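Scroll down for the structure; my scribbles are underneath it.
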Amino acid sequence: FVFDTPTEISNKGRYALHFDAALLAKYLKETARERGITFIDAILEDVILSENEHISELRLSTGQIIAPKFVFDCSGFRRLIIGNKLKAEWVSYTDLLKTNKALPFFMPHNNDTRPVTTAIAMKHGWVWQIPVQDRYGCGYVFDRTKVTVEEAKKEVEDYFGISIACPKTFDYSPGGYKTPLVNNCLALGLAHSFLEPMEATSIMNTIVMLDYFLQNDGLNCNLTVFKNEFNERVARWTDEFRDFIALHYKTDRKDTLFWEEVSSIPIP
């Protein structure tokens with residue numbers, strides 16, 4: 001969607017979007033280039049901190065040394081700066097959220113689809129099924145202590161009656177950093193936190209964080225009071241997303257060890 005009027009902009013929250021992540025990334029990259037953004041394809045080899053713990057240099061595999069004014073850590077699950085270098089405190093949510101592995105896969109469709117995300121409760125977690133233009137994007141989210149990847153794959157194939165290809169899986173630990181904004185660095189997206197794929201809260205949290213940061217001129221604001229307020233707000237938002245997701249599992253289902261466990265977890 002492109003919003004051209006104030007009314008459309010104010011109402012944009014009424015829309016939910018299904019998108020092909022690879023195509024969206026390509027579109028955003030092209031748009032960024034048109035706006036003068038420079039892309040450097042290199043590996044981050046080292047992060048140099050000044051005496052006051054600000055990032056003073058980014059050293060790349062190409063030999064380049066960048067002296068940044070501000071850095072957004074978007075390094076995903078690797079969390080190269082916020083965790084590895086700045087040593088921010090990690091807050092675990094594993095006491096409330098029990099899924100910790102995802103098995104993505106694709107399914108064909110015949111264009112006779114409803115524009116909704118389907119969430120299907122399985123024996124050890126749940127499956128998402130999202131229609132895009134030429135296929136379904138799907139994935140089984142489960143507790144890897146209760147079922148193997150091979151068993152999860154067979155459960156999906158038996159449920160849908162098809163054979164699926166799973167090029168990769170990924171592990172995660174629900175939680176996030178207590179202070180995503182540290183000195184001249186802000187961790188966004190997976191670098192900041194991840195709860196689980198339910199309801200796309202990671203994308204929403206990223207948008208809310210970035211909007212609040214930019215609206216308050218965070219790039220140029222070095223006040224400690226702002227950084228503390230920002231981190232406190234983000235921690236509260238992330239806790240609220242955590243509780244929202246946990247509520248999805250409050251059911252009477254107890255036919256497997258997974259559902260027996262998650263349905264008995266008290267909500268904060």
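Numbering starts fresh at 1 for the residues of each chain in the structure tokens, the chains themselves are lettered A, B, ... in the order given, and ligands are numbered from 1 as they appear.
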Exercise for the section: Output as number ranges by chain all residues of stretch 31-148 of chain A that backbone DSSP marks as alpha helix (DSSP H). Expected result: A: 31-34
Problem - Distance query stretch 212-214 of chain A at most 12 Å, only C-alpha atoms, self and fewer than 6 positions along chain excluded, as a PyMOL selection string - result: chain A and resi 72+180-181+185-188+205-206+220-221+226-227+229-231+233-234+237
Filtering to all heavy atoms, could you give me those residues as a compact mmCIF listing (two decimals), in the first residue's frame?
```txt
# COMPACT_ATOMS: atom_id res chain seq x y z
N PHE A 72 23.13 1.05 14.01
CA PHE A 72 21.99 0.18 14.26
C PHE A 72 22.48 -1.25 14.14
O PHE A 72 22.97 -1.66 13.07
CB PHE A 72 20.85 0.43 13.26
CG PHE A 72 20.21 1.78 13.41
CD1 PHE A 72 20.57 2.83 12.59
CD2 PHE A 72 19.23 1.99 14.37
CE1 PHE A 72 19.98 4.08 12.72
CE2 PHE A 72 18.64 3.23 14.51
CZ PHE A 72 19.00 4.28 13.68
N PRO A 180 18.36 -2.20 24.76
CA PRO A 180 18.72 -2.24 23.34
C PRO A 180 19.44 -0.98 22.87
O PRO A 180 20.16 -1.00 21.88
CB PRO A 180 17.38 -2.41 22.63
CG PRO A 180 16.37 -1.87 23.60
CD PRO A 180 16.90 -2.21 24.96
N LEU A 181 19.22 0.14 23.59
CA LEU A 181 19.91 1.40 23.26
C LEU A 181 21.06 1.59 24.23
O LEU A 181 20.85 1.86 25.42
CB LEU A 181 18.93 2.58 23.34
CG LEU A 181 19.51 3.97 23.06
CD1 LEU A 181 20.17 4.05 21.69
CD2 LEU A 181 18.42 5.04 23.20
N CYS A 185 24.53 3.05 19.94
CA CYS A 185 24.08 1.84 19.22
C CYS A 185 22.67 1.47 19.65
O CYS A 185 22.35 1.48 20.84
CB CYS A 185 25.03 0.68 19.50
SG CYS A 185 24.55 -0.88 18.71
N LEU A 186 21.84 1.14 18.66
CA LEU A 186 20.49 0.64 18.93
C LEU A 186 20.32 -0.70 18.23
O LEU A 186 20.50 -0.80 17.01
CB LEU A 186 19.43 1.62 18.42
CG LEU A 186 17.97 1.14 18.50
CD1 LEU A 186 17.57 0.82 19.93
CD2 LEU A 186 17.03 2.17 17.90
N ALA A 187 19.99 -1.73 19.00
CA ALA A 187 19.73 -3.06 18.43
C ALA A 187 18.28 -3.14 18.02
O ALA A 187 17.37 -2.82 18.79
CB ALA A 187 20.06 -4.14 19.45
N LEU A 188 18.05 -3.57 16.78
CA LEU A 188 16.70 -3.68 16.23
C LEU A 188 16.43 -5.10 15.77
O LEU A 188 17.35 -5.86 15.45
CB LEU A 188 16.53 -2.72 15.06
CG LEU A 188 16.49 -1.22 15.36
CD1 LEU A 188 16.48 -0.42 14.06
CD2 LEU A 188 15.25 -0.88 16.19
N ASN A 205 7.32 -4.84 16.98
CA ASN A 205 8.17 -4.23 18.00
C ASN A 205 9.26 -3.37 17.35
O ASN A 205 9.58 -2.28 17.83
CB ASN A 205 8.81 -5.31 18.87
CG ASN A 205 9.17 -4.81 20.26
OD1 ASN A 205 8.84 -3.70 20.64
ND2 ASN A 205 9.84 -5.65 21.04
N THR A 206 9.81 -3.85 16.25
CA THR A 206 10.83 -3.09 15.53
C THR A 206 10.28 -1.76 15.03
O THR A 206 10.92 -0.70 15.17
CB THR A 206 11.37 -3.90 14.34
OG1 THR A 206 11.95 -5.12 14.82
CG2 THR A 206 12.42 -3.12 13.56
N ASN A 220 20.40 12.14 17.55
CA ASN A 220 21.16 13.29 18.03
C ASN A 220 21.01 13.53 19.52
O ASN A 220 21.60 14.47 20.06
CB ASN A 220 20.72 14.55 17.28
CG ASN A 220 20.97 14.44 15.78
OD1 ASN A 220 22.10 14.20 15.36
ND2 ASN A 220 19.92 14.60 14.99
N CYS A 221 20.21 12.70 20.18
CA CYS A 221 19.95 12.91 21.61
C CYS A 221 20.86 12.02 22.44
O CYS A 221 20.72 10.79 22.43
CB CYS A 221 18.49 12.61 21.93
SG CYS A 221 18.07 12.98 23.64
N PHE A 226 16.88 10.30 28.30
CA PHE A 226 16.18 9.76 27.14
C PHE A 226 16.49 8.29 26.94
O PHE A 226 15.58 7.49 26.70
CB PHE A 226 16.54 10.53 25.87
CG PHE A 226 16.08 9.84 24.61
CD1 PHE A 226 14.74 9.81 24.26
CD2 PHE A 226 17.00 9.19 23.79
CE1 PHE A 226 14.31 9.13 23.11
CE2 PHE A 226 16.58 8.53 22.65
CZ PHE A 226 15.24 8.50 22.31
N LYS A 227 17.75 7.91 27.04
CA LYS A 227 18.13 6.51 26.84
C LYS A 227 17.45 5.62 27.87
O LYS A 227 16.95 4.53 27.54
CB LYS A 227 19.66 6.36 26.91
CG LYS A 227 20.41 7.09 25.81
CD LYS A 227 21.90 6.87 25.91
CE LYS A 227 22.67 7.74 24.93
NZ LYS A 227 22.38 7.43 23.53
N GLU A 229 14.63 6.26 29.52
CA GLU A 229 13.20 6.22 29.24
C GLU A 229 12.91 5.30 28.04
O GLU A 229 11.96 4.52 28.05
CB GLU A 229 12.66 7.61 28.96
CG GLU A 229 11.16 7.63 28.65
CD GLU A 229 10.64 9.00 28.24
OE1 GLU A 229 11.42 9.97 28.32
OE2 GLU A 229 9.48 9.07 27.82
N PHE A 230 13.74 5.42 27.00
CA PHE A 230 13.55 4.59 25.82
C PHE A 230 13.65 3.10 26.18
O PHE A 230 12.79 2.29 25.82
CB PHE A 230 14.60 4.93 24.76
CG PHE A 230 14.52 4.10 23.52
CD1 PHE A 230 13.70 4.49 22.46
CD2 PHE A 230 15.24 2.92 23.39
CE1 PHE A 230 13.60 3.72 21.31
CE2 PHE A 230 15.17 2.15 22.24
CZ PHE A 230 14.34 2.55 21.21
N ASN A 231 14.69 2.73 26.90
CA ASN A 231 14.89 1.33 27.26
C ASN A 231 13.77 0.80 28.16
O ASN A 231 13.35 -0.35 28.03
CB ASN A 231 16.25 1.14 27.93
CG ASN A 231 17.40 1.21 26.94
OD1 ASN A 231 17.28 0.78 25.80
ND2 ASN A 231 18.52 1.76 27.37
N ARG A 233 10.64 1.90 28.18
CA ARG A 233 9.45 1.75 27.33
C ARG A 233 9.54 0.46 26.51
O ARG A 233 8.57 -0.31 26.42
CB ARG A 233 9.30 2.94 26.38
CG ARG A 233 8.71 4.18 27.00
CD ARG A 233 8.68 5.32 26.01
NE ARG A 233 8.06 6.50 26.55
CZ ARG A 233 6.77 6.83 26.37
NH1 ARG A 233 5.99 6.05 25.65
NH2 ARG A 233 6.28 7.93 26.89
N VAL A 234 10.70 0.23 25.91
CA VAL A 234 10.86 -0.96 25.07
C VAL A 234 10.72 -2.23 25.90
O VAL A 234 10.10 -3.20 25.47
CB VAL A 234 12.22 -0.93 24.35
CG1 VAL A 234 12.49 -2.26 23.65
CG2 VAL A 234 12.26 0.21 23.34
N TRP A 237 7.03 -2.73 26.45
CA TRP A 237 6.37 -3.21 25.23
C TRP A 237 6.68 -4.69 25.00
O TRP A 237 5.80 -5.48 24.67
CB TRP A 237 6.83 -2.40 24.02
CG TRP A 237 6.44 -0.98 24.02
CD1 TRP A 237 5.35 -0.42 24.65
CD2 TRP A 237 7.11 0.12 23.37
NE1 TRP A 237 5.31 0.93 24.43
CE2 TRP A 237 6.36 1.29 23.65
CE3 TRP A 237 8.25 0.22 22.59
CZ2 TRP A 237 6.74 2.55 23.17
CZ3 TRP A 237 8.63 1.47 22.11
CH2 TRP A 237 7.88 2.61 22.40
```
Practice task
Using only C-alpha atoms, pick whichever of A:Ser173, A:Thr238, A:Thr256, A:Thr251 has the shortest atom-to-atom distance to A:Ser202.
Solution key: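 Checking each candidate against A:Ser202, we get A:Thr238 as the closest.
Of the residues under consideration (A:Glu261, A:Pro266, A:Ser92, A:Ile81), A:Ile81 shows the shortest atom-to-atom contact distance to A:Glu53 when counting only C-alpha atoms.
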Residues near A:His54, cut-off 6 Å, only C-alpha atoms, skip fewer than 2 positions along chain, as a compact mmCIF listing (two decimals) with N, CA, C and O atoms, in the first residue's frame:
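Contents of selection25.txt, as written:
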```txt
# COMPACT_ATOMS: atom_id res chain seq x y z
N LEU A 49 35.77 0.28 20.54
CA LEU A 49 35.09 1.18 21.45
C LEU A 49 36.05 2.25 21.95
O LEU A 49 37.24 2.00 22.15
N SER A 50 35.52 3.45 22.17
CA SER A 50 36.30 4.54 22.74
C SER A 50 36.36 4.38 24.25
O SER A 50 35.78 3.45 24.83
N ASN A 52 34.83 6.03 26.45
CA ASN A 52 33.51 6.14 27.06
C ASN A 52 32.54 5.07 26.55
O ASN A 52 31.32 5.20 26.69
N ASN A 183 24.66 3.65 24.51
CA ASN A 183 25.56 4.67 23.97
C ASN A 183 25.14 5.07 22.55
O ASN A 183 24.03 5.53 22.35
N ASN A 184 25.98 4.84 21.54
CA ASN A 184 25.61 5.22 20.17
C ASN A 184 25.24 4.00 19.33
O ASN A 184 25.55 3.92 18.14
```
Handout entry: Exercise: A:His192 partners within 9 Å, only C-alpha atoms, chain neighbours under 2 positions left out, as number ranges by chain
Key = A: 73-74, 76-77, 79, 82, 175-180, 186-190, 194, 206
Find the spatial neighbours of A:Ala246, counting only C-alpha atoms, within a cut-off of 7 Å - ignore same-chain residues fewer than 3 positions away - and output them as a compact mmCIF listing (two decimals) with all heavy atoms, in the first residue's frame.
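Dumped to out-v5.txt:
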```txt
# COMPACT_ATOMS: atom_id res chain seq x y z
N LEU A 96 7.99 -18.70 30.33
CA LEU A 96 6.62 -18.51 29.86
C LEU A 96 6.40 -19.01 28.43
O LEU A 96 5.30 -19.45 28.09
CB LEU A 96 6.23 -17.03 29.92
CG LEU A 96 5.99 -16.44 31.32
CD1 LEU A 96 5.81 -14.94 31.23
CD2 LEU A 96 4.77 -17.09 31.95
N LEU A 97 7.42 -18.89 27.58
CA LEU A 97 7.30 -19.27 26.17
C LEU A 97 8.16 -20.50 25.92
O LEU A 97 9.37 -20.46 26.11
CB LEU A 97 7.73 -18.11 25.27
CG LEU A 97 6.97 -16.79 25.48
CD1 LEU A 97 7.52 -15.72 24.55
CD2 LEU A 97 5.48 -16.98 25.28
N ARG A 242 5.17 -10.45 25.05
CA ARG A 242 5.38 -11.78 25.65
C ARG A 242 4.09 -12.33 26.25
O ARG A 242 3.70 -13.47 26.01
CB ARG A 242 6.46 -11.69 26.73
CG ARG A 242 6.68 -12.96 27.53
CD ARG A 242 7.27 -12.64 28.90
NE ARG A 242 6.35 -11.83 29.69
CZ ARG A 242 6.69 -11.24 30.84
NH1 ARG A 242 7.93 -11.36 31.30
NH2 ARG A 242 5.79 -10.53 31.51
N ASP A 243 3.40 -11.49 27.05
CA ASP A 243 2.17 -11.93 27.70
C ASP A 243 1.08 -12.21 26.68
O ASP A 243 0.30 -13.16 26.82
CB ASP A 243 1.71 -10.88 28.70
CG ASP A 243 2.70 -10.67 29.83
OD1 ASP A 243 3.61 -11.51 29.99
OD2 ASP A 243 2.58 -9.66 30.56
N TYR A 249 -1.68 -19.84 24.35
CA TYR A 249 -1.52 -21.24 24.75
C TYR A 249 -2.39 -21.62 25.95
O TYR A 249 -2.31 -22.75 26.43
CB TYR A 249 -0.05 -21.50 25.09
CG TYR A 249 0.87 -21.42 23.89
CD1 TYR A 249 1.56 -20.24 23.60
CD2 TYR A 249 1.02 -22.50 23.02
CE1 TYR A 249 2.39 -20.16 22.48
CE2 TYR A 249 1.84 -22.42 21.92
CZ TYR A 249 2.52 -21.25 21.65
OH TYR A 249 3.34 -21.16 20.55
```
Practice task
From a DSSP calculation on the backbone, collect every residue of stretch 19-161 of chain A in strand (DSSP E or B) and output the set as a ChimeraX atom specification.
Solution key: /A:44-49,55-60,65-66,71-73,90-92,101-107,118-121,125-131,136-142
Handout entry: Distance query A:Ile130 at most 9 Å, only C-alpha atoms, self and fewer than 6 positions along chain excluded, as an MDAnalysis selection string
Key = chainID A and resid 18:19 115:119 136:138
Keeping only all heavy atoms, write the selected residues as an mmCIF file, in the first residue's frame.
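The resulting file, part.cif, is reproduced below:
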```cif
data_model
loop_
_atom_site.group_PDB
_atom_site.id
_atom_site.type_symbol
_atom_site.label_atom_id
_atom_site.label_comp_id
_atom_site.auth_asym_id
_atom_site.auth_seq_id
_atom_site.Cartn_x
_atom_site.Cartn_y
_atom_site.Cartn_z
ATOM 1 N N HIS A 18 0.492 -9.419 3.993
ATOM 2 C CA HIS A 18 1.241 -10.637 3.723
ATOM 3 C C HIS A 18 2.281 -10.294 2.665
ATOM 4 O O HIS A 18 1.951 -9.710 1.638
ATOM 5 C CB HIS A 18 0.320 -11.744 3.170
ATOM 6 C CG HIS A 18 -0.632 -12.284 4.186
ATOM 7 N ND1 HIS A 18 -1.960 -12.544 3.897
ATOM 8 C CD2 HIS A 18 -0.467 -12.617 5.473
ATOM 9 C CE1 HIS A 18 -2.558 -13.021 4.973
ATOM 10 N NE2 HIS A 18 -1.669 -13.074 5.942
ATOM 11 N N PHE A 19 3.535 -10.650 2.909
ATOM 12 C CA PHE A 19 4.550 -10.321 1.920
ATOM 13 C C PHE A 19 5.594 -11.416 1.826
ATOM 14 O O PHE A 19 5.845 -12.146 2.781
ATOM 15 C CB PHE A 19 5.210 -8.969 2.215
ATOM 16 C CG PHE A 19 5.826 -8.858 3.589
ATOM 17 C CD1 PHE A 19 7.075 -9.404 3.861
ATOM 18 C CD2 PHE A 19 5.161 -8.187 4.601
ATOM 19 C CE1 PHE A 19 7.636 -9.301 5.117
ATOM 20 C CE2 PHE A 19 5.720 -8.069 5.869
ATOM 21 C CZ PHE A 19 6.964 -8.632 6.125
ATOM 22 N N PRO A 115 -7.167 -14.269 2.154
ATOM 23 C CA PRO A 115 -6.052 -13.411 2.573
ATOM 24 C C PRO A 115 -5.933 -13.337 4.095
ATOM 25 O O PRO A 115 -6.065 -12.275 4.702
ATOM 26 C CB PRO A 115 -6.428 -12.056 1.963
ATOM 27 C CG PRO A 115 -7.916 -12.065 1.978
ATOM 28 C CD PRO A 115 -8.324 -13.485 1.678
ATOM 29 N N VAL A 116 -5.714 -14.484 4.713
ATOM 30 C CA VAL A 116 -5.564 -14.539 6.167
ATOM 31 C C VAL A 116 -4.393 -15.454 6.513
ATOM 32 O O VAL A 116 -4.031 -16.351 5.745
ATOM 33 C CB VAL A 116 -6.838 -15.071 6.862
ATOM 34 C CG1 VAL A 116 -8.014 -14.153 6.622
ATOM 35 C CG2 VAL A 116 -7.162 -16.487 6.399
ATOM 36 N N THR A 117 -3.793 -15.204 7.655
ATOM 37 C CA THR A 117 -2.805 -16.125 8.194
ATOM 38 C C THR A 117 -3.538 -17.210 8.971
ATOM 39 O O THR A 117 -4.380 -16.899 9.817
ATOM 40 C CB THR A 117 -1.827 -15.398 9.143
ATOM 41 O OG1 THR A 117 -1.081 -14.447 8.387
ATOM 42 C CG2 THR A 117 -0.877 -16.379 9.799
ATOM 43 N N THR A 118 -3.218 -18.451 8.686
ATOM 44 C CA THR A 118 -3.803 -19.566 9.415
ATOM 45 C C THR A 118 -2.788 -20.094 10.417
ATOM 46 O O THR A 118 -1.637 -20.355 10.072
ATOM 47 C CB THR A 118 -4.206 -20.705 8.457
ATOM 48 O OG1 THR A 118 -5.114 -20.186 7.479
ATOM 49 C CG2 THR A 118 -4.876 -21.837 9.211
ATOM 50 N N ALA A 119 -3.203 -20.228 11.672
ATOM 51 C CA ALA A 119 -2.364 -20.818 12.715
ATOM 52 C C ALA A 119 -3.018 -22.130 13.144
ATOM 53 O O ALA A 119 -4.164 -22.142 13.589
ATOM 54 C CB ALA A 119 -2.219 -19.878 13.900
ATOM 55 N N TYR A 136 2.254 -20.748 -0.536
ATOM 56 C CA TYR A 136 2.104 -20.508 0.894
ATOM 57 C C TYR A 136 3.486 -20.497 1.533
ATOM 58 O O TYR A 136 4.317 -21.358 1.248
ATOM 59 C CB TYR A 136 1.296 -21.629 1.560
ATOM 60 C CG TYR A 136 -0.191 -21.595 1.336
ATOM 61 C CD1 TYR A 136 -0.806 -22.567 0.552
ATOM 62 C CD2 TYR A 136 -0.991 -20.628 1.935
ATOM 63 C CE1 TYR A 136 -2.176 -22.572 0.356
ATOM 64 C CE2 TYR A 136 -2.363 -20.625 1.745
ATOM 65 C CZ TYR A 136 -2.953 -21.597 0.960
ATOM 66 O OH TYR A 136 -4.305 -21.588 0.774
ATOM 67 N N GLY A 137 3.706 -19.540 2.409
ATOM 68 C CA GLY A 137 4.866 -19.590 3.287
ATOM 69 C C GLY A 137 4.421 -20.219 4.591
ATOM 70 O O GLY A 137 3.458 -19.759 5.209
ATOM 71 N N CYS A 138 5.096 -21.283 5.001
ATOM 72 C CA CYS A 138 4.653 -22.040 6.162
ATOM 73 C C CYS A 138 5.827 -22.335 7.087
ATOM 74 O O CYS A 138 6.993 -22.155 6.736
ATOM 75 C CB CYS A 138 4.022 -23.371 5.746
ATOM 76 S SG CYS A 138 2.730 -23.256 4.500
#
```
Exercise for the section: Between A:Tyr15, A:Asp20, A:Ser193, A:Leu58, single out the one closest to A:Arg135, counting only C-alpha atoms. Expected result: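 Among A:Tyr15, A:Asp20, A:Ser193, A:Leu58, it is A:Asp20 that comes nearest to A:Arg135.
Surrounding stretch 142-151 of chain A within 8 Å are Lys98, Thr99, Asn100, Lys101, Ala102, Leu103, His124, Gly125, Trp126, Leu257 and Phe258 of chain A, with only C-alpha atoms counted and residues fewer than 5 positions along the same chain left out.
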Problem - For atom CA of A:Leu219 and atom CA of A:Asp239, the interatomic separation in Å (one decimal) - result: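 Spanning atom CA of A:Leu219 to atom CA of A:Asp239 is a straight-line distance of 25.0 Å.
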Handout entry: Atom-to-atom span, atom CA of A:Glu155 and atom CA of A:Lys254, Å
Key = 17.9 Å
Handout entry: Nearest-residue call for A:Ala22, choices A:Ile207, A:Met198, A:Met122, A:Val132, using only C-alpha atoms
Key =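 Answer, going by the shortest atom-to-atom distance: A:Val132.
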